[in-house]
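run_38.tsv follows; it contains TSV, C-alpha atoms and all ligand atoms.
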```
chain	number	residue	atom	x	y	z
A	81	MET	CA	14.23	91.77	93.15
A	82	THR	CA	16.42	89.19	94.82
A	83	ASN	CA	15.13	87.34	97.83
A	84	PRO	CA	16.69	88.42	101.11
A	85	LEU	CA	18.42	85.97	103.41
A	86	PRO	CA	16.40	84.80	106.39
A	87	SER	CA	16.47	87.04	109.45
A	88	PRO	CA	15.16	86.97	113.03
A	89	ALA	CA	12.09	88.81	111.71
A	90	GLN	CA	11.61	86.28	108.90
A	91	PRO	CA	13.33	83.06	109.93
A	92	LEU	CA	13.87	80.06	107.69
A	93	LYS	CA	11.74	77.20	109.03
A	94	ILE	CA	13.58	73.91	109.45
A	95	GLY	CA	11.28	70.90	109.76
A	96	THR	CA	12.31	67.77	111.65
A	97	ARG	CA	11.07	64.82	113.65
A	98	GLY	CA	11.28	65.21	117.40
A	99	SER	CA	13.67	62.36	118.29
A	100	PRO	CA	16.96	63.38	119.94
A	101	LEU	CA	18.92	62.33	116.84
A	102	ALA	CA	16.58	64.14	114.43
A	103	LEU	CA	16.80	67.31	116.56
A	104	TRP	CA	20.59	67.09	116.63
A	105	GLN	CA	20.62	66.80	112.84
A	106	ALA	CA	18.31	69.79	112.39
A	107	HIS	CA	20.54	71.86	114.67
A	108	GLU	CA	23.58	70.73	112.66
A	109	VAL	CA	21.97	71.98	109.44
A	110	ARG	CA	21.23	75.27	111.18
A	111	ARG	CA	24.88	75.51	112.35
A	112	CYS	CA	26.08	74.92	108.77
A	113	LEU	CA	23.77	77.57	107.33
A	114	MET	CA	24.66	80.08	110.07
A	115	GLY	CA	28.34	79.56	109.25
A	116	ALA	CA	27.92	79.74	105.47
A	117	PHE	CA	25.89	82.97	105.53
A	118	ASP	CA	27.08	84.57	108.76
A	119	LEU	CA	23.57	84.55	110.20
A	120	PRO	CA	22.43	84.50	113.84
A	121	GLU	CA	20.68	81.51	115.35
A	122	ALA	CA	17.39	83.45	115.41
A	123	ALA	CA	17.38	83.57	111.61
A	124	PHE	CA	16.24	79.94	111.78
A	125	GLU	CA	13.29	78.31	113.48
A	126	ILE	CA	13.30	74.60	114.19
A	127	VAL	CA	9.79	73.19	113.70
A	128	VAL	CA	9.15	69.75	115.22
A	129	ILE	CA	6.64	67.64	113.30
A	130	LYS	CA	5.00	64.51	114.70
A	131	VAL	CA	5.26	61.51	112.38
A	132	THR	CA	3.39	58.21	112.39
A	133	GLY	CA	6.50	56.06	112.74
A	134	ASP	CA	7.46	57.69	116.04
A	135	GLN	CA	4.04	57.15	117.56
A	136	ILE	CA	3.78	53.40	117.05
A	137	LEU	CA	6.60	51.88	119.05
A	138	ASP	CA	5.22	48.47	119.91
A	139	LYS	CA	5.21	46.97	116.42
A	140	PRO	CA	7.99	46.14	113.99
A	141	LEU	CA	8.08	48.76	111.27
A	142	LYS	CA	7.48	46.24	108.54
A	143	GLU	CA	4.09	45.46	110.12
A	144	ILE	CA	2.99	49.09	110.26
A	145	GLY	CA	4.06	49.15	106.65
A	146	GLY	CA	4.26	51.78	103.99
A	147	LYS	CA	7.16	53.81	102.74
A	148	GLY	CA	7.75	57.21	104.21
A	149	LEU	CA	6.43	56.37	107.66
A	150	PHE	CA	8.90	58.83	109.15
A	151	THR	CA	8.68	61.42	106.42
A	152	ARG	CA	5.17	61.78	105.02
A	153	GLU	CA	3.97	64.42	107.48
A	154	ILE	CA	7.21	66.37	107.14
A	155	GLU	CA	7.00	66.39	103.36
A	156	GLU	CA	3.38	67.55	103.55
A	157	ALA	CA	4.48	70.47	105.73
A	158	LEU	CA	7.16	71.30	103.15
A	159	ILE	CA	4.68	71.22	100.26
A	160	ASP	CA	2.19	73.33	102.25
A	161	GLY	CA	4.84	75.92	103.07
A	162	ALA	CA	4.60	75.37	106.84
A	163	ILE	CA	8.36	74.73	106.70
A	164	ASP	CA	11.04	75.80	104.19
A	165	ILE	CA	13.44	72.84	104.42
A	166	ALA	CA	13.25	69.36	105.93
A	167	VAL	CA	16.17	67.52	107.53
A	168	HIS	CA	16.34	63.73	107.21
A	169	SER	CA	18.53	60.71	107.87
A	170	MET	CA	19.14	59.70	104.26
A	171	LYS	CA	19.02	56.04	105.24
A	172	ASP	CA	15.30	56.43	105.93
A	173	MET	CA	14.48	58.18	102.68
A	174	PRO	CA	12.72	56.62	99.70
A	175	THR	CA	14.60	57.06	96.42
A	176	VAL	CA	11.72	59.02	94.88
A	177	GLN	CA	10.45	62.25	96.41
A	178	PRO	CA	6.89	63.62	96.16
A	179	GLU	CA	6.09	65.89	93.21
A	180	GLY	CA	7.51	69.36	93.75
A	181	LEU	CA	10.21	68.34	96.23
A	182	VAL	CA	13.90	67.58	95.74
A	183	LEU	CA	16.48	66.04	98.04
A	184	ASP	CA	19.96	66.83	96.73
A	185	CYS	CA	21.78	68.55	99.60
A	186	TYR	CA	23.86	66.34	101.89
A	187	LEU	CA	26.11	67.19	104.82
A	188	PRO	CA	29.52	65.46	105.08
A	189	ARG	CA	28.89	61.83	105.93
A	190	GLU	CA	29.55	60.38	109.39
A	191	ASP	CA	30.85	56.90	110.23
A	192	VAL	CA	28.95	54.47	107.98
A	193	ARG	CA	29.40	51.39	110.19
A	194	ASP	CA	27.00	49.58	112.44
A	195	GLY	CA	27.91	49.55	116.12
A	196	PHE	CA	27.81	46.42	118.25
A	197	VAL	CA	26.04	47.36	121.48
A	198	SER	CA	26.20	45.00	124.44
A	199	PRO	CA	26.75	45.32	128.18
A	200	GLY	CA	28.58	42.00	128.37
A	201	VAL	CA	29.98	40.95	124.99
A	202	ALA	CA	32.85	42.73	123.23
A	203	SER	CA	32.12	42.01	119.58
A	204	LEU	CA	29.95	40.17	117.11
A	205	ALA	CA	32.52	37.37	116.89
A	206	ASP	CA	32.42	36.93	120.70
A	207	LEU	CA	28.67	36.24	120.84
A	208	PRO	CA	28.17	32.81	122.39
A	209	GLN	CA	26.33	30.04	120.54
A	210	GLY	CA	22.57	30.56	120.59
A	211	ALA	CA	22.76	34.09	122.07
A	212	VAL	CA	19.65	36.29	121.87
A	213	VAL	CA	20.20	39.51	119.93
A	214	GLY	CA	17.73	42.32	119.35
A	215	SER	CA	17.12	44.08	116.06
A	216	SER	CA	14.10	45.17	114.07
A	217	SER	CA	16.10	46.05	110.99
A	218	LEU	CA	15.27	43.64	108.18
A	219	ARG	CA	18.77	44.09	106.78
A	220	ARG	CA	20.62	43.45	110.04
A	221	ARG	CA	18.38	40.49	110.89
A	222	ALA	CA	18.99	38.86	107.51
A	223	GLN	CA	22.75	39.53	107.64
A	224	LEU	CA	22.96	38.03	111.14
A	225	ALA	CA	20.84	35.01	110.26
A	226	LEU	CA	23.09	34.35	107.26
A	227	ARG	CA	26.36	34.47	109.20
A	228	ARG	CA	25.18	33.20	112.54
A	229	PRO	CA	22.19	30.89	112.09
A	230	ASP	CA	22.62	29.84	115.73
A	231	LEU	CA	21.61	33.26	117.07
A	232	ARG	CA	18.08	33.97	118.23
A	233	LEU	CA	16.67	37.23	116.93
A	234	VAL	CA	14.11	39.31	118.80
A	235	GLU	CA	12.40	42.54	117.73
A	236	PHE	CA	14.01	45.66	119.19
A	237	ARG	CA	12.89	49.23	118.59
A	238	GLY	CA	13.05	52.58	120.31
A	239	ASN	CA	15.71	55.15	121.03
A	240	VAL	CA	19.14	54.46	122.49
A	241	GLN	CA	17.93	54.73	126.10
A	242	THR	CA	15.03	52.32	125.56
A	243	ARG	CA	17.32	49.78	123.92
A	244	MET	CA	19.95	50.05	126.64
A	245	ARG	CA	17.25	49.45	129.24
A	246	LYS	CA	16.03	46.35	127.39
A	247	LEU	CA	19.61	45.03	127.31
A	248	GLU	CA	19.98	45.64	131.05
A	249	GLU	CA	16.69	43.82	131.65
A	250	GLY	CA	18.13	40.87	129.77
A	251	VAL	CA	15.67	40.92	126.86
A	252	ALA	CA	18.73	40.37	124.63
A	253	VAL	CA	22.50	40.30	125.14
A	254	ALA	CA	23.33	42.62	122.26
A	255	THR	CA	21.83	44.98	119.72
A	256	PHE	CA	23.02	47.09	116.80
A	257	LEU	CA	22.93	50.83	116.24
A	258	ALA	CA	24.45	52.98	113.53
A	259	MET	CA	27.74	54.50	114.74
A	260	ALA	CA	26.70	57.76	113.08
A	261	GLY	CA	23.76	58.29	115.41
A	262	LEU	CA	25.74	57.28	118.47
A	263	ASN	CA	28.60	59.62	117.54
A	264	ARG	CA	26.23	62.53	116.94
A	265	LEU	CA	24.52	62.04	120.29
A	266	GLY	CA	27.84	61.68	122.14
A	267	MET	CA	26.98	58.06	122.92
A	268	ALA	CA	29.65	56.18	120.99
A	269	HIS	CA	30.73	54.56	124.27
A	270	VAL	CA	27.64	52.31	124.27
A	271	ALA	CA	29.08	50.55	121.20
A	272	ARG	CA	31.59	47.93	122.29
A	273	SER	CA	32.96	47.83	118.76
A	274	ALA	CA	32.22	49.11	115.28
A	275	ILE	CA	31.47	46.39	112.77
A	276	ALA	CA	33.59	46.46	109.61
A	277	PRO	CA	31.60	46.77	106.36
A	278	GLU	CA	33.13	43.43	105.30
A	279	GLU	CA	31.35	41.82	108.22
A	280	MET	CA	28.06	43.70	107.96
A	281	LEU	CA	27.58	45.91	104.92
A	282	PRO	CA	25.72	49.05	106.09
A	283	ALA	CA	22.38	50.32	104.84
A	284	VAL	CA	22.36	52.50	101.76
A	285	ALA	CA	23.10	56.11	102.79
A	286	GLN	CA	23.79	55.20	106.42
A	287	GLY	CA	25.45	58.09	108.24
A	288	ALA	CA	24.32	60.80	105.81
A	289	ILE	CA	22.06	63.78	106.60
A	290	GLY	CA	19.97	65.19	103.74
A	291	VAL	CA	18.09	68.45	103.36
A	292	GLU	CA	14.92	68.45	101.27
A	293	ARG	CA	13.36	71.54	99.66
A	294	ARG	CA	10.70	72.70	97.24
A	295	ILE	CA	12.02	72.55	93.66
A	296	ALA	CA	10.58	75.98	92.89
A	297	ASP	CA	12.22	77.69	95.88
A	298	GLN	CA	15.28	79.26	94.27
A	299	ARG	CA	16.36	81.16	97.35
A	300	VAL	CA	16.57	77.96	99.37
A	301	ALA	CA	18.26	76.14	96.47
A	302	GLY	CA	21.05	78.70	96.52
A	303	MET	CA	21.45	78.49	100.26
A	304	LEU	CA	21.60	74.70	100.31
A	305	ALA	CA	24.15	74.61	97.47
A	306	ALA	CA	26.54	76.39	99.86
A	307	ILE	CA	26.45	73.62	102.46
A	308	HIS	CA	26.22	70.57	100.16
A	309	ASP	CA	29.07	68.04	100.40
A	310	GLY	CA	30.06	66.84	96.92
A	311	PRO	CA	31.79	63.56	97.86
A	312	THR	CA	28.78	62.49	99.94
A	313	GLY	CA	26.60	63.37	96.93
A	314	VAL	CA	28.63	61.08	94.66
A	315	ARG	CA	28.54	58.18	97.12
A	316	LEU	CA	24.81	58.48	97.69
A	317	ALA	CA	24.13	58.75	93.96
A	318	ALA	CA	25.70	55.31	93.52
A	319	GLU	CA	24.09	53.73	96.58
A	320	ARG	CA	20.67	55.19	95.93
A	321	GLY	CA	20.91	54.29	92.24
A	322	PHE	CA	21.41	50.69	93.39
A	323	LEU	CA	18.46	50.88	95.82
A	324	ALA	CA	16.17	52.60	93.31
A	325	ARG	CA	16.68	49.91	90.68
A	326	LEU	CA	15.92	47.21	93.24
A	327	ASP	CA	12.71	49.02	94.15
A	328	GLY	CA	13.88	48.87	97.72
A	329	SER	CA	13.45	51.14	100.68
A	330	CYS	CA	14.89	51.15	104.17
A	331	GLU	CA	12.52	48.25	104.94
A	332	THR	CA	14.04	45.74	102.53
A	333	PRO	CA	17.06	43.54	103.23
A	334	ILE	CA	19.43	45.50	101.01
A	335	ALA	CA	22.85	46.89	101.87
A	336	GLY	CA	25.11	49.16	99.84
A	337	LEU	CA	28.24	51.19	100.33
A	338	ALA	CA	30.26	53.38	97.98
A	339	VAL	CA	33.66	54.81	98.83
A	340	ILE	CA	35.80	57.24	96.86
A	341	GLU	CA	39.29	56.06	96.01
A	342	GLY	CA	41.09	58.99	94.44
A	343	GLU	CA	39.37	59.56	91.10
A	344	ARG	CA	37.41	56.33	91.28
A	345	LEU	CA	34.37	55.03	93.07
A	346	TRP	CA	34.14	51.58	94.67
A	347	LEU	CA	30.58	50.33	95.16
A	348	ARG	CA	29.53	47.19	97.00
A	349	GLY	CA	25.98	45.88	97.23
A	350	GLU	CA	24.16	43.04	98.92
A	351	ILE	CA	20.63	41.69	98.75
A	352	LEU	CA	19.38	39.03	101.11
A	353	ARG	CA	16.44	36.78	101.63
A	354	PRO	CA	14.68	38.09	104.74
A	355	ASP	CA	15.34	34.79	106.58
A	356	GLY	CA	19.05	35.03	105.81
A	357	SER	CA	19.07	31.74	103.92
A	358	GLU	CA	20.77	33.35	100.95
A	359	SER	CA	22.64	36.51	100.01
A	360	ILE	CA	23.90	37.88	96.72
A	361	THR	CA	26.79	40.32	96.77
A	362	ALA	CA	28.44	42.23	93.96
A	363	GLU	CA	30.86	45.08	93.56
A	364	ARG	CA	32.36	47.30	90.93
A	365	ARG	CA	34.73	50.16	90.45
A	366	GLY	CA	34.21	53.01	88.04
A	367	ALA	CA	34.45	56.70	87.31
A	368	ILE	CA	33.00	59.09	89.87
A	369	SER	CA	31.01	60.76	87.08
A	370	ASP	CA	29.13	57.49	86.48
A	371	ALA	CA	27.99	57.04	90.09
A	372	ALA	CA	24.23	56.71	89.53
A	373	ALA	CA	24.63	54.46	86.49
A	374	MET	CA	27.09	52.31	88.43
A	375	GLY	CA	24.47	51.78	91.10
A	376	ARG	CA	21.85	50.80	88.55
A	377	ASP	CA	24.28	48.43	86.80
A	378	LEU	CA	25.17	46.76	90.07
A	379	ALA	CA	21.47	46.28	90.81
A	380	ASP	CA	20.95	44.73	87.37
A	381	GLU	CA	23.79	42.32	88.11
A	382	VAL	CA	22.35	41.10	91.42
A	383	LEU	CA	18.85	40.97	89.92
A	384	GLY	CA	20.22	38.82	87.12
A	385	ARG	CA	21.82	36.46	89.59
A	386	ALA	CA	18.81	36.23	91.92
A	387	PRO	CA	16.76	33.05	91.58
A	388	GLU	CA	13.00	33.20	91.01
A	389	GLY	CA	11.16	34.24	94.15
A	390	PHE	CA	14.16	35.88	95.80
A	391	PHE	CA	12.44	39.23	95.97
A	392	SER	CA	9.59	38.53	98.34
A	393	TRP	CA	8.90	42.24	98.61
A	394	ARG	CA	8.61	42.94	94.87
A	401	LIG	N1	16.29	53.62	110.74
A	401	LIG	C1	16.53	54.44	111.89
A	401	LIG	C2	17.78	55.23	111.74
A	401	LIG	N2	17.93	56.15	110.75
A	401	LIG	C3	19.18	56.68	110.86
A	401	LIG	C4	19.81	56.11	111.95
A	401	LIG	C5	21.18	56.39	112.42
A	401	LIG	C6	21.90	57.54	111.81
A	401	LIG	C7	22.32	57.39	110.38
A	401	LIG	O1	22.49	56.29	109.86
A	401	LIG	O2	22.53	58.44	109.76
A	401	LIG	C8	18.91	55.20	112.53
A	401	LIG	C9	19.10	54.37	113.74
A	401	LIG	C10	20.08	53.24	113.59
A	401	LIG	O3	20.09	52.52	112.60
A	401	LIG	O4	20.88	53.04	114.52
```

Produce structure tokens that represent the structure in this file.
Amino acid sequence: MTNPLPSPAQPLKIGTRGSPLALWQAHEVRRCLMGAFDLPEAAFEIVVIKVTGDQILDKPLKEIGGKGLFTREIEEALIDGAIDIAVHSMKDMPTVQPEGLVLDCYLPREDVRDGFVSPGVASLADLPQGAVVGSSSLRRRAQLALRRPDLRLVEFRGNVQTRMRKLEEGVAVATFLAMAGLNRLGMAHVARSAIAPEEMLPAVAQGAIGVERRIADQRVAGMLAAIHDGPTGVRLAAERGFLARLDGSCETPIAGLAVIEGERLWLRGEILRPDGSESITAERRGAISDAAAMGRDLADEVLGRAPEGFFSWR
């Protein structure tokens, strides 16, 4: 007996965090599945799950600590069967999933760049000497400290509205947000400019939405195969191969970006000391079919070039 498609009587449960961006992403996955299988909206139920990372807003994430701060509760719900799929920002996802789960379905990737957000300053290059900028991202902080040691960095967390309010209050003159999230929420206008990857290499998997499932759930596997974007899969295989070999997560100062050039893949990677005193960059081009190995090889290269003690997090 083949499993039936979901229906209003037996909807497919889509698990997500409750932030505006996470909800948008869950609705986008629903739209894709509705389109692929000609199903009504009621064939899907969006289940909001509270996660630890969203409840502690007053501390930098690296102090709360632990991988999967934004995902643990969602993955537990998936394992327990309380939900059938889980929607994530791939940038926030560890490279290894819990036993029994797999994360191999990606929607077409959005803009990968970081946005420069400031009420008064047009671009990163226009920041005056000694300006105060807000960011809690270890990667962005290290990249900024490396290029602009004159800047003063302050911790900055919260959703777009919270950050905009802090900027208006003068807590900082500028902050940084992924263009992907701003575009999805219809808030691209808050970014004064998008920062070229040459200036600030984005986080691994930035701009990509992933859908996680139970390995054993063949019905869901078939459904997700219909909405998976192959090129995004290739790019993330390279970037996440790089991250995996470095034993990194979204809380380590690591950047990586792969782009497809015809039949070839171009991968760039960067690792930094958290204080921005040093950075190691490397790149390579290779066959699309070698994406994951290319990522691992690039990681081995930067690891080989890193002096003793570079990896404070390892
Ligand atoms: N770590 C938080 C996070 N995870 C994904 C995004 C943005 C959307 C994306 O990159 O897909 C953000 C916020 C940000 O960096 O501005």

Within 6 Å of ligand LIG 401 (chain A): each chain A residue with its shortest pair, all atoms listed in the file, as a Markdown table:
```
| residue | atom | partner | partner_atom | distance |
| --- | --- | --- | --- | --- |
| A:Ser169 | CA | A:LIG401 | O2 | 5.0 |
| A:Lys171 | CA | A:LIG401 | N2 | 5.6 |
| A:Asp172 | CA | A:LIG401 | N2 | 5.5 |
| A:Leu257 | CA | A:LIG401 | O4 | 3.5 |
| A:Ala258 | CA | A:LIG401 | O4 | 3.7 |
| A:Ala260 | CA | A:LIG401 | C6 | 5.0 |
| A:Gly261 | CA | A:LIG401 | C6 | 4.1 |
| A:Gln286 | CA | A:LIG401 | O1 | 3.8 |
| A:Gly287 | CA | A:LIG401 | O2 | 3.3 |
| A:Ala288 | CA | A:LIG401 | O2 | 4.9 |
```

Q: Starting from the point (30.4, 52.5, 122.7), work out which residues of protein, DNA or RNA have an atom no more than 9 Å away when counting all atoms listed in the file; state them as a PyMOL selection string.
A: chain A and resi 195-198+259+262-263+267-274

Can I get the selected residues back with C-alpha atoms, as a CSV table (one decimal), keeping the file's coordinate frame?
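Dumped everything to part19.csv:
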```
chain,number,residue,atom,x,y,z
A,195,GLY,CA,27.9,49.6,116.1
A,196,PHE,CA,27.8,46.4,118.2
A,197,VAL,CA,26.0,47.4,121.5
A,198,SER,CA,26.2,45.0,124.4
A,259,MET,CA,27.7,54.5,114.7
A,262,LEU,CA,25.7,57.3,118.5
A,263,ASN,CA,28.6,59.6,117.5
A,267,MET,CA,27.0,58.1,122.9
A,268,ALA,CA,29.6,56.2,121.0
A,269,HIS,CA,30.7,54.6,124.3
A,270,VAL,CA,27.6,52.3,124.3
A,271,ALA,CA,29.1,50.6,121.2
A,272,ARG,CA,31.6,47.9,122.3
A,273,SER,CA,33.0,47.8,118.8
A,274,ALA,CA,32.2,49.1,115.3
```

Q: Tell me, as a list in words, which residues lie within 9 Å of Pro91 (chain A), counting all atoms listed in the file; anything in the same chain fewer than 3 positions away does not count.
A: Leu85, Pro86, Ser87, Pro88, Ala122, Ala123, Phe124 and Glu125 of chain A

Output C-alpha atoms for every residue in the selection just made, as a PDB file, in the coordinates of the input.
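Contents of part31.pdb, as written:
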```pdb
ATOM      1  CA  LEU A  85      18.420  85.970 103.410  1.00  0.00           C
ATOM      2  CA  PRO A  86      16.400  84.800 106.390  1.00  0.00           C
ATOM      3  CA  SER A  87      16.470  87.040 109.450  1.00  0.00           C
ATOM      4  CA  PRO A  88      15.160  86.970 113.030  1.00  0.00           C
ATOM      5  CA  ALA A 122      17.390  83.450 115.410  1.00  0.00           C
ATOM      6  CA  ALA A 123      17.380  83.570 111.610  1.00  0.00           C
ATOM      7  CA  PHE A 124      16.240  79.940 111.780  1.00  0.00           C
ATOM      8  CA  GLU A 125      13.290  78.310 113.480  1.00  0.00           C
TER       9      GLU A 125
END
```

(Q) List as a list in words the protein and nucleic acid residues near Thr361 (chain A), meaning an atom at most 10 Å away when only C-alpha atoms are counted, but skip any in the same chain fewer than 2 places from it. (A) Leu281, Ile334, Ala335, Gly336, Arg348, Gly349, Glu350, Ile351, Leu352, Ser359, Glu363, Leu378, Ala379, Glu381, Val382 and Arg385 of chain A

Q.
Taking (24.9, 48.7, 109.7) as a centre in this file's frame and 6 Å as the limit, can you find every polymer residue with an atom that close, using only C-alpha atoms, and give them as an MDAnalysis selection string?
A. chainID A and resid 193:194 258 282:283

Q. Do you have the CA of Ala254 (chain A)-CA of Ala276 (chain A) distance handy?
A. 16.7 Å

(Q) Counting only C-alpha atoms, which residue out of A:Glu248, A:Thr96, A:Asp164, A:Ala202 sits closest to Thr151 (chain A)? (A) A:Thr96

Q. Counting all atoms listed in the file, which of A:Ile307, A:Met114, A:Leu181, A:Leu226 gets nearest to Ile360 (chain A)?
A. A:Leu226

Q: Could you tell me which of A:Leu323, A:Val201, A:Ala166, A:Ile368 comes closest to Arg344 (chain A) if we count only C-alpha atoms?
A: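 The answer is A:Ile368, which sits nearest to Arg344 (chain A).
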
Q. CA of Arg365 (chain A) and CA of Leu345 (chain A) are how many Å apart?
A. 5.5 Å

Q. Which residues come within 6 Å of region 234-247 of chain A, counting only C-alpha atoms, excluding same-chain residues fewer than 3 positions away, as number ranges by chain?
A. A: 214-216, 250-253

Mind dumping the selected residues with C-alpha atoms as an mmCIF file, in the coordinates of the input?
```cif
data_model
loop_
_atom_site.group_PDB
_atom_site.id
_atom_site.type_symbol
_atom_site.label_atom_id
_atom_site.label_comp_id
_atom_site.auth_asym_id
_atom_site.auth_seq_id
_atom_site.Cartn_x
_atom_site.Cartn_y
_atom_site.Cartn_z
ATOM 1 C CA GLY A 214 17.730 42.320 119.350
ATOM 2 C CA SER A 215 17.120 44.080 116.060
ATOM 3 C CA SER A 216 14.100 45.170 114.070
ATOM 4 C CA GLY A 250 18.130 40.870 129.770
ATOM 5 C CA VAL A 251 15.670 40.920 126.860
ATOM 6 C CA ALA A 252 18.730 40.370 124.630
ATOM 7 C CA VAL A 253 22.500 40.300 125.140
#
```

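For the pair CA of Gln298 (chain A) and CA of Arg97 (chain A), the separation is 24.5 Å.
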
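Nearest to Leu304 (chain A) of all the residues A:Leu101, A:Ala371, A:Cys112, A:Val128 is A:Cys112, based on all atoms listed in the file.
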
Q. Could you pull the residues within 12 Å of Ile340 (chain A), counting all atoms listed in the file, minus those fewer than 5 positions along the same chain, as a PyMOL selection string?
A. chain A and resi 310-316+318+345-348+365-369+371

Q: Using all atoms listed in the file, determine which residues lie at most 10 Å from Met170 (chain A), disregarding the query and same-chain residues fewer than 2 positions distant; provide the list as a list in words.
A: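 Here the qualifying residues turn out to be Val167, His168, Asp172, Met173, Pro174, Thr175, Leu183, Tyr186, Ala283, Val284, Ala285, Gln286, Gly287, Ala288, Ile289, Gly290, Val291, Leu316, Arg320 and Cys330 of chain A.
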
Print the selection's residues with C-alpha atoms to a file, as an mmCIF file, keeping the file's coordinate frame.
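part-v5.cif, freshly written:
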```cif
data_model
loop_
_atom_site.group_PDB
_atom_site.id
_atom_site.type_symbol
_atom_site.label_atom_id
_atom_site.label_comp_id
_atom_site.auth_asym_id
_atom_site.auth_seq_id
_atom_site.Cartn_x
_atom_site.Cartn_y
_atom_site.Cartn_z
ATOM 1 C CA VAL A 167 16.170 67.520 107.530
ATOM 2 C CA HIS A 168 16.340 63.730 107.210
ATOM 3 C CA ASP A 172 15.300 56.430 105.930
ATOM 4 C CA MET A 173 14.480 58.180 102.680
ATOM 5 C CA PRO A 174 12.720 56.620 99.700
ATOM 6 C CA THR A 175 14.600 57.060 96.420
ATOM 7 C CA LEU A 183 16.480 66.040 98.040
ATOM 8 C CA TYR A 186 23.860 66.340 101.890
ATOM 9 C CA ALA A 283 22.380 50.320 104.840
ATOM 10 C CA VAL A 284 22.360 52.500 101.760
ATOM 11 C CA ALA A 285 23.100 56.110 102.790
ATOM 12 C CA GLN A 286 23.790 55.200 106.420
ATOM 13 C CA GLY A 287 25.450 58.090 108.240
ATOM 14 C CA ALA A 288 24.320 60.800 105.810
ATOM 15 C CA ILE A 289 22.060 63.780 106.600
ATOM 16 C CA GLY A 290 19.970 65.190 103.740
ATOM 17 C CA VAL A 291 18.090 68.450 103.360
ATOM 18 C CA LEU A 316 24.810 58.480 97.690
ATOM 19 C CA ARG A 320 20.670 55.190 95.930
ATOM 20 C CA CYS A 330 14.890 51.150 104.170
#
```

Report the centre and edge lengths, in Å to one decimal, of an axis-aligned box enclosing every atom of region 215-229 of chain A listed in the file, padded by 6 Å on each side, as lines of an AutoDock Vina configuration file.
```
center_x = 20.2
center_y = 38.5
center_z = 111.4
size_x = 24.3
size_y = 27.2
size_z = 21.3
```

Q) With all atoms listed in the file as the atoms that count, which of A:Glu249, A:Phe390, A:Val212, A:Glu108 lies nearest to Asp355 (chain A)? A) A:Phe390

N, CA and C atoms are needed for region 351-362 of chain A; please write them out as a short mmCIF file (atom, residue, chain, number, x, y, z; two decimals), in the coordinates of the input.
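Result file part-v5.cif:
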```cif
data_model
loop_
_atom_site.label_atom_id
_atom_site.label_comp_id
_atom_site.auth_asym_id
_atom_site.auth_seq_id
_atom_site.Cartn_x
_atom_site.Cartn_y
_atom_site.Cartn_z
N ILE A 351 22.05 41.93 98.52
CA ILE A 351 20.63 41.69 98.75
C ILE A 351 20.50 40.34 99.44
N LEU A 352 19.53 40.26 100.33
CA LEU A 352 19.38 39.03 101.11
C LEU A 352 17.94 38.55 101.11
N ARG A 353 17.78 37.25 101.30
CA ARG A 353 16.44 36.78 101.63
C ARG A 353 16.19 37.20 103.07
N PRO A 354 14.95 37.60 103.39
CA PRO A 354 14.68 38.09 104.74
C PRO A 354 15.06 37.08 105.83
N ASP A 355 14.98 35.78 105.56
CA ASP A 355 15.34 34.79 106.58
C ASP A 355 16.84 34.51 106.61
N GLY A 356 17.61 35.21 105.79
CA GLY A 356 19.05 35.03 105.81
C GLY A 356 19.53 33.73 105.21
N SER A 357 18.66 33.03 104.49
CA SER A 357 19.07 31.74 103.92
C SER A 357 19.96 31.93 102.69
N GLU A 358 19.98 33.12 102.16
CA GLU A 358 20.77 33.35 100.95
C GLU A 358 21.09 34.84 100.80
N SER A 359 22.27 35.11 100.28
CA SER A 359 22.64 36.51 100.01
C SER A 359 23.37 36.57 98.67
N ILE A 360 23.19 37.66 97.98
CA ILE A 360 23.90 37.88 96.72
C ILE A 360 24.67 39.18 96.87
N THR A 361 25.98 39.12 96.66
CA THR A 361 26.79 40.32 96.77
C THR A 361 27.48 40.59 95.44
N ALA A 362 27.74 41.85 95.18
CA ALA A 362 28.44 42.23 93.96
C ALA A 362 29.16 43.54 94.23
#
```
